[in-house]
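Read through the structure below, which is laid out as structure tokens, and then see the notes.
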4 protein chains.
Amino acid sequence: MSRYAPTREDRFSFGLWTVGNPGRDPFGDAVRPVQKPAHLVRKLSECGAWGVNLHDNDLVPFGATARERDRIVGEFKAVLEDTGMVVPMATTNLFAHPAFKDGAFTANDPAVRAFALKKTMDAIDLGVELGAKIYVFWGGREGVEADACRDPRVAIARMRQALDYLCEYTQDRRYDLVFALEAKPNEPRGDIYLPTTGHMLHFISTLAHPEMVGVNPEVAHENMSGLSFVHAVAQAMESKKLFHIDLNAQKIGRYDQDLRFGSEDVKGSFLLVRLLEGTAGGKRYAGPRHFDAHPYRTEDEEGVWEFARGSMRTYNILKERAREFDADPEVRDLLAERRNGAIDPLLGRYTRDAARRLRELEHDPDALGRAGLRYERLDQLMMEHLLGARE
Amino acid sequence: MSRYAPTREDRFSFGLWTVGNPGRDPFGDAVRPVQKPAHLVRKLSECGAWGVNLHDNDLVPFGATARERDRIVGEFKAVLEDTGMVVPMATTNLFAHPAFKDGAFTANDPAVRAFALKKTMDAIDLGVELGAKIYVFWGGREGVEADACRDPRVAIARMRQALDYLCEYTQDRRYDLVFALEAKPNEPRGDIYLPTTGHMLHFISTLAHPEMVGVNPEVAHENMSGLSFVHAVAQAMESKKLFHIDLNAQKIGRYDQDLRFGSEDVKGSFLLVRLLEGTAGGKRYAGPRHFDAHPYRTEDEEGVWEFARGSMRTYNILKERAREFDADPEVRDLLAERRNGAIDPLLGRYTRDAARRLRELEHDPDALGRAGLRYERLDQLMMEHLLGARE
Amino acid sequence: MSRYAPTREDRFSFGLWTVGNPGRDPFGDAVRPVQKPAHLVRKLSECGAWGVNLHDNDLVPFGATARERDRIVGEFKAVLEDTGMVVPMATTNLFAHPAFKDGAFTANDPAVRAFALKKTMDAIDLGVELGAKIYVFWGGREGVEADACRDPRVAIARMRQALDYLCEYTQDRRYDLVFALEAKPNEPRGDIYLPTTGHMLHFISTLAHPEMVGVNPEVAHENMSGLSFVHAVAQAMESKKLFHIDLNAQKIGRYDQDLRFGSEDVKGSFLLVRLLEGTAGGKRYAGPRHFDAHPYRTEDEEGVWEFARGSMRTYNILKERAREFDADPEVRDLLAERRNGAIDPLLGRYTRDAARRLRELEHDPDALGRAGLRYERLDQLMMEHLLGARE
Amino acid sequence: MSRYAPTREDRFSFGLWTVGNPGRDPFGDAVRPVQKPAHLVRKLSECGAWGVNLHDNDLVPFGATARERDRIVGEFKAVLEDTGMVVPMATTNLFAHPAFKDGAFTANDPAVRAFALKKTMDAIDLGVELGAKIYVFWGGREGVEADACRDPRVAIARMRQALDYLCEYTQDRRYDLVFALEAKPNEPRGDIYLPTTGHMLHFISTLAHPEMVGVNPEVAHENMSGLSFVHAVAQAMESKKLFHIDLNAQKIGRYDQDLRFGSEDVKGSFLLVRLLEGTAGGKRYAGPRHFDAHPYRTEDEEGVWEFARGSMRTYNILKERAREFDADPEVRDLLAERRNGAIDPLLGRYTRDAARRLRELEHDPDALGRAGLRYERLDQLMMEHLLGARE
């Protein structure tokens, strides 16, 4: 068996909407038949995945009766049990139906906001019933083209009100569930509110129950704006807010491509896996490794599973490359922390005395400026490890 | 006199580095002589500006003796008094000298970090001496090209340590001063830490003294990533963190252009002025309107002052347009808040009972989806006001 | 009547697919019913448009029998006659059906390439029957995600073969028809071949019948890459290759937004109208002013027509602003050509003697570098005209 | 010795301005001393490079007397002879001096245009004297911020006039020299004319002597706009216009980064090397492999040479990976050309009879749409070869 083959311990998950994507796009019709959720779960399990995630309407059609819903859920749970697959995360579809064309929680019409809350409470119930411990919010329609239509401060306030409401609902139900907010800068709206993981992290700090809310950064969403994804994930980890992650690939400055993980920005993907796996020494991310991508539109079902297997293989290849890189003695030498016995004690907490002594230090700025930091060598070593070409 | 002519009440300020910019760029040498600060202040005053801002080394050369420093500062204060100009904001140059080539507060070498703290304490003293009430931090070199050189979590922690230190220094000195953090995604570094106003706002929420720290968003910096500047400013205002603002213009996805305010993204500039001036009814921004731009490299000194006058005129034209737009009865009608007596009370704070009633509401999603929201009309009206063509 | 109201002389046209767009997007379903072509033509005529353009399948459904096709065409021609509307341009839908998922003229499967040629010949016949004089080619699927799947040189060669083939078909039929090629950098494919107007212009120069092939630049497509649209159009005009134009609006670095003309990049829109209308003195563009955009998804049918009216009004407002700008004496003075009696004669065609004399000229580069070019003033004047605020 | 070590047969070249770059940027001063050209040539030779390229002023200071110039050139030729290094390409610095602040060949002032022609003729003479066979034109200042300052059609006409002039000068002198035009979308100007390789290729087709003019595409310049670099190079190769190439790395939508080749966009770099080396079967590029990048500003001189060695090593690693990929039987199978005996003969040149038969073919579009093209597998195999992880 391949050394890169996935195992359940890798905690790889896929959305039903990813491997089930029929390939419709703004300029073309579906190219693949819609597959039954049960079939998708069985195939994912065969491929080596551990979990499957879903929007409410990926499983239960919009407008289904309570009876249909219960039948569908019952059958789905049977498949989960049969395969050993879990549902680590669930979420709400608040974007497909025309009712949400101007947003859900931020819509100007109170009836839309009420409907969105109701749909989300139902979807939370569904997720919890399936065993989900993480609930994702992606407000894809919470935005504008005609920016004058509402004060953006009002939009943020409405978003806060909805999140506070749903936190309290979850607490009232005593659900063992945390929320993970997913940012995206644009598409399908011209500008989506709270467009990056950074904006979301700040928004969370203003909630009534910040402790139960974190983020779900997505590679493609952050890359669309050309921001460093690995820095955004690091900021979330540093403040203990990385609750979930969406792995895929994307070129900067394009439509939402949702490509197979690792198939663009190979260096950024390496840095991300290195950060998540903690091979350089920092804390490791313990949550699901979720793939939120979709197969090319050129593929039939066989191609869908090649896509799924490739996603997991690439992650495991990069994990191995990251371990080797951080174990390389030359790399360790280049990354050794620089210590300075005279200065380090003065860089701690401010005290009047320490500050006085710090101001008395003699510096030679020109010498500091002349020092070679050997980052070209470090980066080249990283590329050679990445390419499997370290000699 | 022109109805758009600036007055002191407009609180327009310029940096010494803006009108004093000699026009050097990565591919070419300076095209204008370096002007004396006193001359710049006198000319700005003649143009109608209210304030002038500065980096420490815009006024006092790097490495000046205490005596030179005091003489320079004394002369500068005399000019301020003579012209009535104020220094509302000051900041530190932590990017020009080669010592800071790998960052200042986040540099790997403790000696660089110590030198940066020392230089900043001196610069804070200078700013306070000149009357500044706002102190800006732009960490232009706090970033990476070779990302493996430090854990980004360590970078954030070092940044926090520096800010906490300097907050306590400021408090210890009993300075009447707040801090405003300015984000930028890249340039001069490949990726700068805390790249947007959103990331900065979150970072502030993790500081030891968040109450004395806000943001200084810059049009160009946020536009480089193609994010909505007006949404970022709104998020800052909504959480009472808009302490200062940098006005200029920029095309998305380019080098830092620092163009004359309003000369690109006219619609975004209009929306920004509308938000800052509160013409639509929200809270108005009361701080300085600071222009952080530089004249084209094709200009001689005459062109520099045309640039300064144009910046202020365009702001005042847009202010008038925003007032007219928000006073237009058709616009007011389109923007009237939608109320729903049955639903609005259920959208407040969560209670078990309100949630039960909310879930019992009957919805007609298809009808919600069919409603026309008239945003094409709203946006077209905005464009016609903007173009001075409303009939 | 408004001074900006459209007239037939303005030669404004819309695609059936623009005002008939039902508002489906990658994340959501249609929000408006599909309208009958006859209805759209009547409404466009009421709004003041002059022409209507179409893809074959906008009018005749994919797979229709010859009889259905003839009936539909007959009815459509009756409406054209009735309203006086013309069909200046037609094109082929080679992107919606799954058969074209890997391109049409560049697909790896010869059967797809043959089907695409056949469909295009049929669609050319249809366009000519409706009176079209311009035939547009937008190869939206002619691209890749998995770049290794074909040599890009082979793709270009296949594209050339198809265009040469269709030129000869058109000539063989003695159709009074020219071709206009439309570039787009990406979406719906990861990378589309011949991604900008520049690449297309070069490609045309390599065809067997370059004289009958020009370009159809689209504002949004060029802006997606952040390139200057006005420069691309100028390059096409300078080589007499601007055969058609697609007017809309777009932010840089985003999904294909197809916004109402003039609603983004107001300055670029002004510069474009100024170039097309020749207000600064250059040659005027005489072809259709075609709007290739779609109404926001928040709109019902009333909003669709507000969108159409707004598109034309904004064009006419900008045309007036451009005329005023170029008639402004201060602007004329700033733009007056610089002449130099000693040098100008040496800058013509190379001769050995002229080159010798040119090399003997004495230059003062520093003086050339010190001259102020007054571009800040020029640009500010342009902004003030644009904002209707020139005093 | 390493299997990836460069040899003279690899034809690797560097610009004097690359390894000699002192590290000045828009926000900071030089970090490295300026090195003597002779020293740079000796060190490049030691590193395994084959050639060194230069701007006139990289070697001969602006304003040097004829005598100084001759002395400098003589010494430089001695070093070339001593080391065996060649000068395959030369170019003119038409951007650093303030005289060129508004362009060189397109400047509004005829005196600037004359000076630019003179400087270029002198620089061509210099290049030829040093043995250069390729002369590069990068018109970095040929652009605008205030677009109204000149008609872009006039700019293109001026550029054409200059190129035609210099072609005839070169022919008149009977120099064995071709021209290679280098496009860049922006920086240091807001918009540079002829912004991509595509626009340049078209421009060349309009010159008086197109046969002696080709392109010099640069990875970073094309990537700034997010366009496919490999497609641009392929278009140039397909029309026999790839005369030179500039290798480096760049993130999309940023300032001109000029990073070490292969250190960003690893996949694009692989595809480029694969195309240039012809491993998939197409024609191989025979010209210089020129690195136009500069070391990080964090480096001292040791880092400069690590940068140079890394650039060449990465190219050779990717060359090996490309060979392995195209030799992989599974890849060969996936890439085998699809042939169709009934259709292929109908896809050649148009004849009335072949078109009739083509239109009579029966198609099953739905079957074409259902076929799986296995591009996910193909791309994944490419990634695994790239990562050195093919099992």
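In the structure tokens, each chain is lettered A, B, ... as it comes, each chain's residues begin at 1, and ligands are numbered from 1 in order of appearance.
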**Request:** Would you kindly return, as an MDAnalysis selection string, each protein, DNA or RNA residue with an atom no farther than 12 Å from any atom of Leu194 in chain A, considering only C-alpha atoms and excluding same-chain residues fewer than 3 positions away?
**Result:** (chainID A and resid 106 138:144 152:153 155:157 159:160 181:186 191 197:204 215 221:222) or (chainID B and resid 196:199 201:202 227:236)
**Message:** I'd like to know which residues of range 1-94 of chain D are strand (DSSP E or B) (by DSSP, run on the backbone); could you write them as a list in words?
**Reply:**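 Filtering range 1-94 of chain D to strand (DSSP E or B) leaves Phe12, Ser13, Phe14, Gly15, Asp25, Gly28, Gly51, Val52, Asn53, Leu54, His55, Val86, Met89, Ala90 and Thr91 of chain D.
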**Request:** Pick out the residues sitting within 8 Å of Arg321 in chain D, and hand them over as a PyMOL selection string; count only C-alpha atoms, and ignore anything fewer than 2 positions along from it in its own chain.
**Result:** chain D and resi 270+317-319+323-325+385-386+388
**Prompt:** For chain D against chain B, which residues fall within 7 Å using only C-alpha atoms, given as an MDAnalysis selection string?
**Reply:** chainID D and resid 25:29 31 95:98 101:102 187:188 253:255 297:298
**Message:** Can you tell me which residues surround Pro88 in chain D at a distance of at most 8 Å, considering only C-alpha atoms, apart from same-chain residues fewer than 3 positions away, and format the answer as a ChimeraX atom specification?
**Reply:** /D:51-53,131-134,288
**Message:** For a quick check of understanding, using only C-alpha atoms, which of B:Arg339, B:Arg8, B:Arg377, B:His244 has the smallest distance to Glu306 in chain C?
**Reply:**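 Closest candidate: B:Arg377.
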**Asked** Mind pulling up the distance from CA of Asn223 in chain A to CA of Asn248 in chain D?
**Response** 21.0 Å
Pull the helix (DSSP H, G or I) assignments for range 233-272 of chain B out of DSSP run on the backbone, and list those residues as a tab-separated table (two decimals) with N, CA and C atoms, in the first residue's frame.
chain	number	residue	atom	x	y	z
B	233	VAL	N	-14.01	50.36	6.80
B	233	VAL	CA	-14.15	51.56	7.64
B	233	VAL	C	-15.42	51.46	8.48
B	234	ALA	N	-16.47	50.93	7.87
B	234	ALA	CA	-17.73	50.77	8.61
B	234	ALA	C	-17.55	49.81	9.79
B	235	GLN	N	-16.81	48.72	9.57
B	235	GLN	CA	-16.59	47.78	10.67
B	235	GLN	C	-15.82	48.47	11.81
B	236	ALA	N	-14.85	49.27	11.43
B	236	ALA	CA	-14.09	50.01	12.45
B	236	ALA	C	-14.99	51.00	13.18
B	237	MET	N	-15.82	51.73	12.44
B	237	MET	CA	-16.71	52.70	13.07
B	237	MET	C	-17.72	52.01	13.97
B	238	GLU	N	-18.22	50.87	13.51
B	238	GLU	CA	-19.26	50.17	14.27
B	238	GLU	C	-18.72	49.73	15.63
B	266	VAL	N	-14.05	56.21	-8.17
B	266	VAL	CA	-14.86	57.38	-7.83
B	266	VAL	C	-16.07	56.96	-6.99
B	267	LYS	N	-16.66	55.85	-7.37
B	267	LYS	CA	-17.85	55.38	-6.64
B	267	LYS	C	-17.49	55.01	-5.19
B	268	GLY	N	-16.39	54.29	-5.04
B	268	GLY	CA	-15.94	53.94	-3.69
B	268	GLY	C	-15.59	55.18	-2.88
B	269	SER	N	-15.03	56.19	-3.52
B	269	SER	CA	-14.69	57.43	-2.82
B	269	SER	C	-15.95	58.15	-2.36
B	270	PHE	N	-16.96	58.13	-3.23
B	270	PHE	CA	-18.25	58.73	-2.86
B	270	PHE	C	-18.84	58.01	-1.65
B	271	LEU	N	-18.86	56.68	-1.71
B	271	LEU	CA	-19.44	55.91	-0.61
B	271	LEU	C	-18.68	56.15	0.68
B	272	LEU	N	-17.38	56.33	0.56
B	272	LEU	CA	-16.56	56.57	1.75
B	272	LEU	C	-16.89	57.93	2.37
**Asked** Leaving out Gly84 in chain C and any residue of its chain fewer than 4 positions from it, which residues lie within 12 Å of it when counting only C-alpha atoms, given as an MDAnalysis selection string?
**Response** chainID C and resid 8 41:42 44:46 48:52 76:80
**Asked** For Ser311 in chain A, which residue out of A:Leu207, A:Ala293, A:Met383, A:Ala64 is the nearest one, using only C-alpha atoms?
**Response** A:Ala293
**Prompt:** Could you name the residues that touch Glu301 in chain C at 10 Å or less, counting only C-alpha atoms, but leaving out those on the same chain fewer than 2 positions away, as a ChimeraX atom specification?
**Reply:** /B:370-372,374 /C:19-20,22,32-33,35,295,299,303-307
Generate the output file for the selected residues, all heavy atoms, as a short mmCIF file (atom, residue, chain, number, x, y, z; two decimals), in the first residue's frame.
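Wrote it out as out_37.cif, contents follow:
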data_model
loop_
_atom_site.label_atom_id
_atom_site.label_comp_id
_atom_site.auth_asym_id
_atom_site.auth_seq_id
_atom_site.Cartn_x
_atom_site.Cartn_y
_atom_site.Cartn_z
N ARG B 370 -39.57 36.48 -5.49
CA ARG B 370 -40.04 37.20 -6.67
C ARG B 370 -39.99 38.72 -6.51
O ARG B 370 -40.03 39.45 -7.51
CB ARG B 370 -41.48 36.79 -6.99
CG ARG B 370 -41.61 35.55 -7.84
CD ARG B 370 -43.03 35.36 -8.34
NE ARG B 370 -44.00 35.36 -7.24
CZ ARG B 370 -44.39 34.28 -6.57
NH1 ARG B 370 -43.91 33.09 -6.89
NH2 ARG B 370 -45.28 34.36 -5.60
N ALA B 371 -39.94 39.21 -5.29
CA ALA B 371 -40.02 40.66 -5.04
C ALA B 371 -38.87 41.41 -5.72
O ALA B 371 -37.72 40.98 -5.66
CB ALA B 371 -39.99 40.91 -3.54
N GLY B 372 -39.18 42.51 -6.34
CA GLY B 372 -38.15 43.36 -6.95
C GLY B 372 -37.65 44.38 -5.95
O GLY B 372 -38.44 45.08 -5.32
N ARG B 374 -35.42 46.92 -6.48
CA ARG B 374 -35.15 48.24 -7.07
C ARG B 374 -33.75 48.77 -6.79
O ARG B 374 -33.53 49.97 -6.68
CB ARG B 374 -36.22 49.25 -6.63
CG ARG B 374 -37.64 48.73 -6.94
CD ARG B 374 -38.61 49.83 -7.25
NE ARG B 374 -38.14 50.62 -8.39
CZ ARG B 374 -38.54 51.88 -8.61
NH1 ARG B 374 -39.39 52.46 -7.79
NH2 ARG B 374 -38.08 52.55 -9.64
N VAL C 19 -31.00 41.38 -21.07
CA VAL C 19 -32.27 41.73 -20.43
C VAL C 19 -33.13 40.49 -20.19
O VAL C 19 -34.08 40.53 -19.40
CB VAL C 19 -33.04 42.80 -21.24
CG1 VAL C 19 -32.33 44.14 -21.13
CG2 VAL C 19 -33.17 42.40 -22.71
N GLY C 20 -32.80 39.39 -20.87
CA GLY C 20 -33.55 38.15 -20.67
C GLY C 20 -32.92 37.25 -19.63
O GLY C 20 -33.41 36.15 -19.37
N PRO C 22 -32.24 35.29 -16.49
CA PRO C 22 -33.14 34.96 -15.37
C PRO C 22 -32.46 35.01 -14.00
O PRO C 22 -33.13 34.77 -12.99
CB PRO C 22 -33.60 33.55 -15.71
CG PRO C 22 -32.47 32.95 -16.49
CD PRO C 22 -31.81 34.10 -17.23
N ARG C 32 -35.92 35.19 -11.93
CA ARG C 32 -36.90 35.81 -12.84
C ARG C 32 -37.31 34.77 -13.87
O ARG C 32 -36.49 33.95 -14.28
CB ARG C 32 -36.28 37.01 -13.57
CG ARG C 32 -36.01 38.22 -12.71
CD ARG C 32 -35.46 39.39 -13.52
NE ARG C 32 -34.12 39.15 -14.01
CZ ARG C 32 -32.99 39.53 -13.38
NH1 ARG C 32 -33.05 40.16 -12.22
NH2 ARG C 32 -31.82 39.26 -13.91
N PRO C 33 -38.57 34.83 -14.34
CA PRO C 33 -38.99 33.90 -15.38
C PRO C 33 -38.26 34.20 -16.69
O PRO C 33 -37.85 35.34 -16.93
CB PRO C 33 -40.49 34.16 -15.52
CG PRO C 33 -40.72 35.50 -14.94
CD PRO C 33 -39.64 35.75 -13.92
N GLN C 35 -38.15 35.19 -20.35
CA GLN C 35 -39.09 35.98 -21.16
C GLN C 35 -38.98 35.57 -22.63
O GLN C 35 -37.92 35.19 -23.10
CB GLN C 35 -38.74 37.47 -21.04
CG GLN C 35 -38.81 38.02 -19.62
CD GLN C 35 -40.23 38.25 -19.13
OE1 GLN C 35 -41.20 38.03 -19.87
NE2 GLN C 35 -40.36 38.65 -17.87
N PRO C 295 -28.91 42.50 -15.33
CA PRO C 295 -29.42 43.18 -14.14
C PRO C 295 -29.05 42.40 -12.88
O PRO C 295 -28.87 41.18 -12.92
CB PRO C 295 -30.94 43.16 -14.33
CG PRO C 295 -31.17 42.79 -15.77
CD PRO C 295 -29.99 41.98 -16.19
N GLU C 299 -33.47 41.99 -8.81
CA GLU C 299 -34.48 42.73 -9.55
C GLU C 299 -35.60 41.84 -10.10
O GLU C 299 -35.35 40.69 -10.47
CB GLU C 299 -33.82 43.45 -10.73
CG GLU C 299 -32.69 44.38 -10.32
CD GLU C 299 -33.11 45.41 -9.30
OE1 GLU C 299 -33.91 46.29 -9.64
OE2 GLU C 299 -32.65 45.31 -8.13
N GLY C 303 -37.07 46.14 -12.64
CA GLY C 303 -35.65 46.44 -12.46
C GLY C 303 -34.83 46.18 -13.71
O GLY C 303 -33.82 46.83 -13.96
N VAL C 304 -35.26 45.19 -14.49
CA VAL C 304 -34.55 44.89 -15.73
C VAL C 304 -34.56 46.11 -16.65
O VAL C 304 -33.54 46.48 -17.23
CB VAL C 304 -35.19 43.67 -16.44
CG1 VAL C 304 -34.62 43.51 -17.85
CG2 VAL C 304 -34.97 42.41 -15.60
N TRP C 305 -35.70 46.76 -16.75
CA TRP C 305 -35.77 47.90 -17.68
C TRP C 305 -35.13 49.15 -17.10
O TRP C 305 -34.61 49.99 -17.84
CB TRP C 305 -37.23 48.10 -18.14
CG TRP C 305 -37.73 46.81 -18.72
CD1 TRP C 305 -38.75 46.03 -18.27
CD2 TRP C 305 -37.16 46.09 -19.83
NE1 TRP C 305 -38.86 44.87 -19.01
CE2 TRP C 305 -37.89 44.88 -19.97
CE3 TRP C 305 -36.10 46.32 -20.71
CZ2 TRP C 305 -37.60 43.94 -20.96
CZ3 TRP C 305 -35.81 45.39 -21.69
CH2 TRP C 305 -36.55 44.22 -21.80
N GLU C 306 -35.12 49.24 -15.77
CA GLU C 306 -34.34 50.33 -15.17
C GLU C 306 -32.85 50.16 -15.48
O GLU C 306 -32.15 51.12 -15.77
CB GLU C 306 -34.60 50.38 -13.66
CG GLU C 306 -35.95 51.01 -13.36
CD GLU C 306 -36.46 50.78 -11.94
OE1 GLU C 306 -35.89 49.95 -11.21
OE2 GLU C 306 -37.46 51.43 -11.57
N PHE C 307 -32.44 48.91 -15.43
CA PHE C 307 -31.06 48.57 -15.81
C PHE C 307 -30.77 48.98 -17.26
O PHE C 307 -29.74 49.59 -17.57
CB PHE C 307 -30.87 47.06 -15.60
CG PHE C 307 -29.86 46.40 -16.48
CD1 PHE C 307 -28.52 46.40 -16.13
CD2 PHE C 307 -30.25 45.77 -17.66
CE1 PHE C 307 -27.58 45.78 -16.94
CE2 PHE C 307 -29.31 45.16 -18.48
CZ PHE C 307 -27.98 45.16 -18.12
#
**Spatial neighbours of Ala90 in chain A, max dist 10 Å, only C-alpha atoms, sep filter under 3 positions, as a PyMOL selection string** = chain A and resi 15+52-56+87+123-128+130-137+179
**Prompt:** Which distance in Å separates CA of Lys119 in chain C and CA of Lys240 in chain C, to one decimal?
**Reply:** 29.0 Å
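Between CA of Leu275 in chain C and CA of Phe291 in chain C the interatomic distance comes to 16.9 Å.
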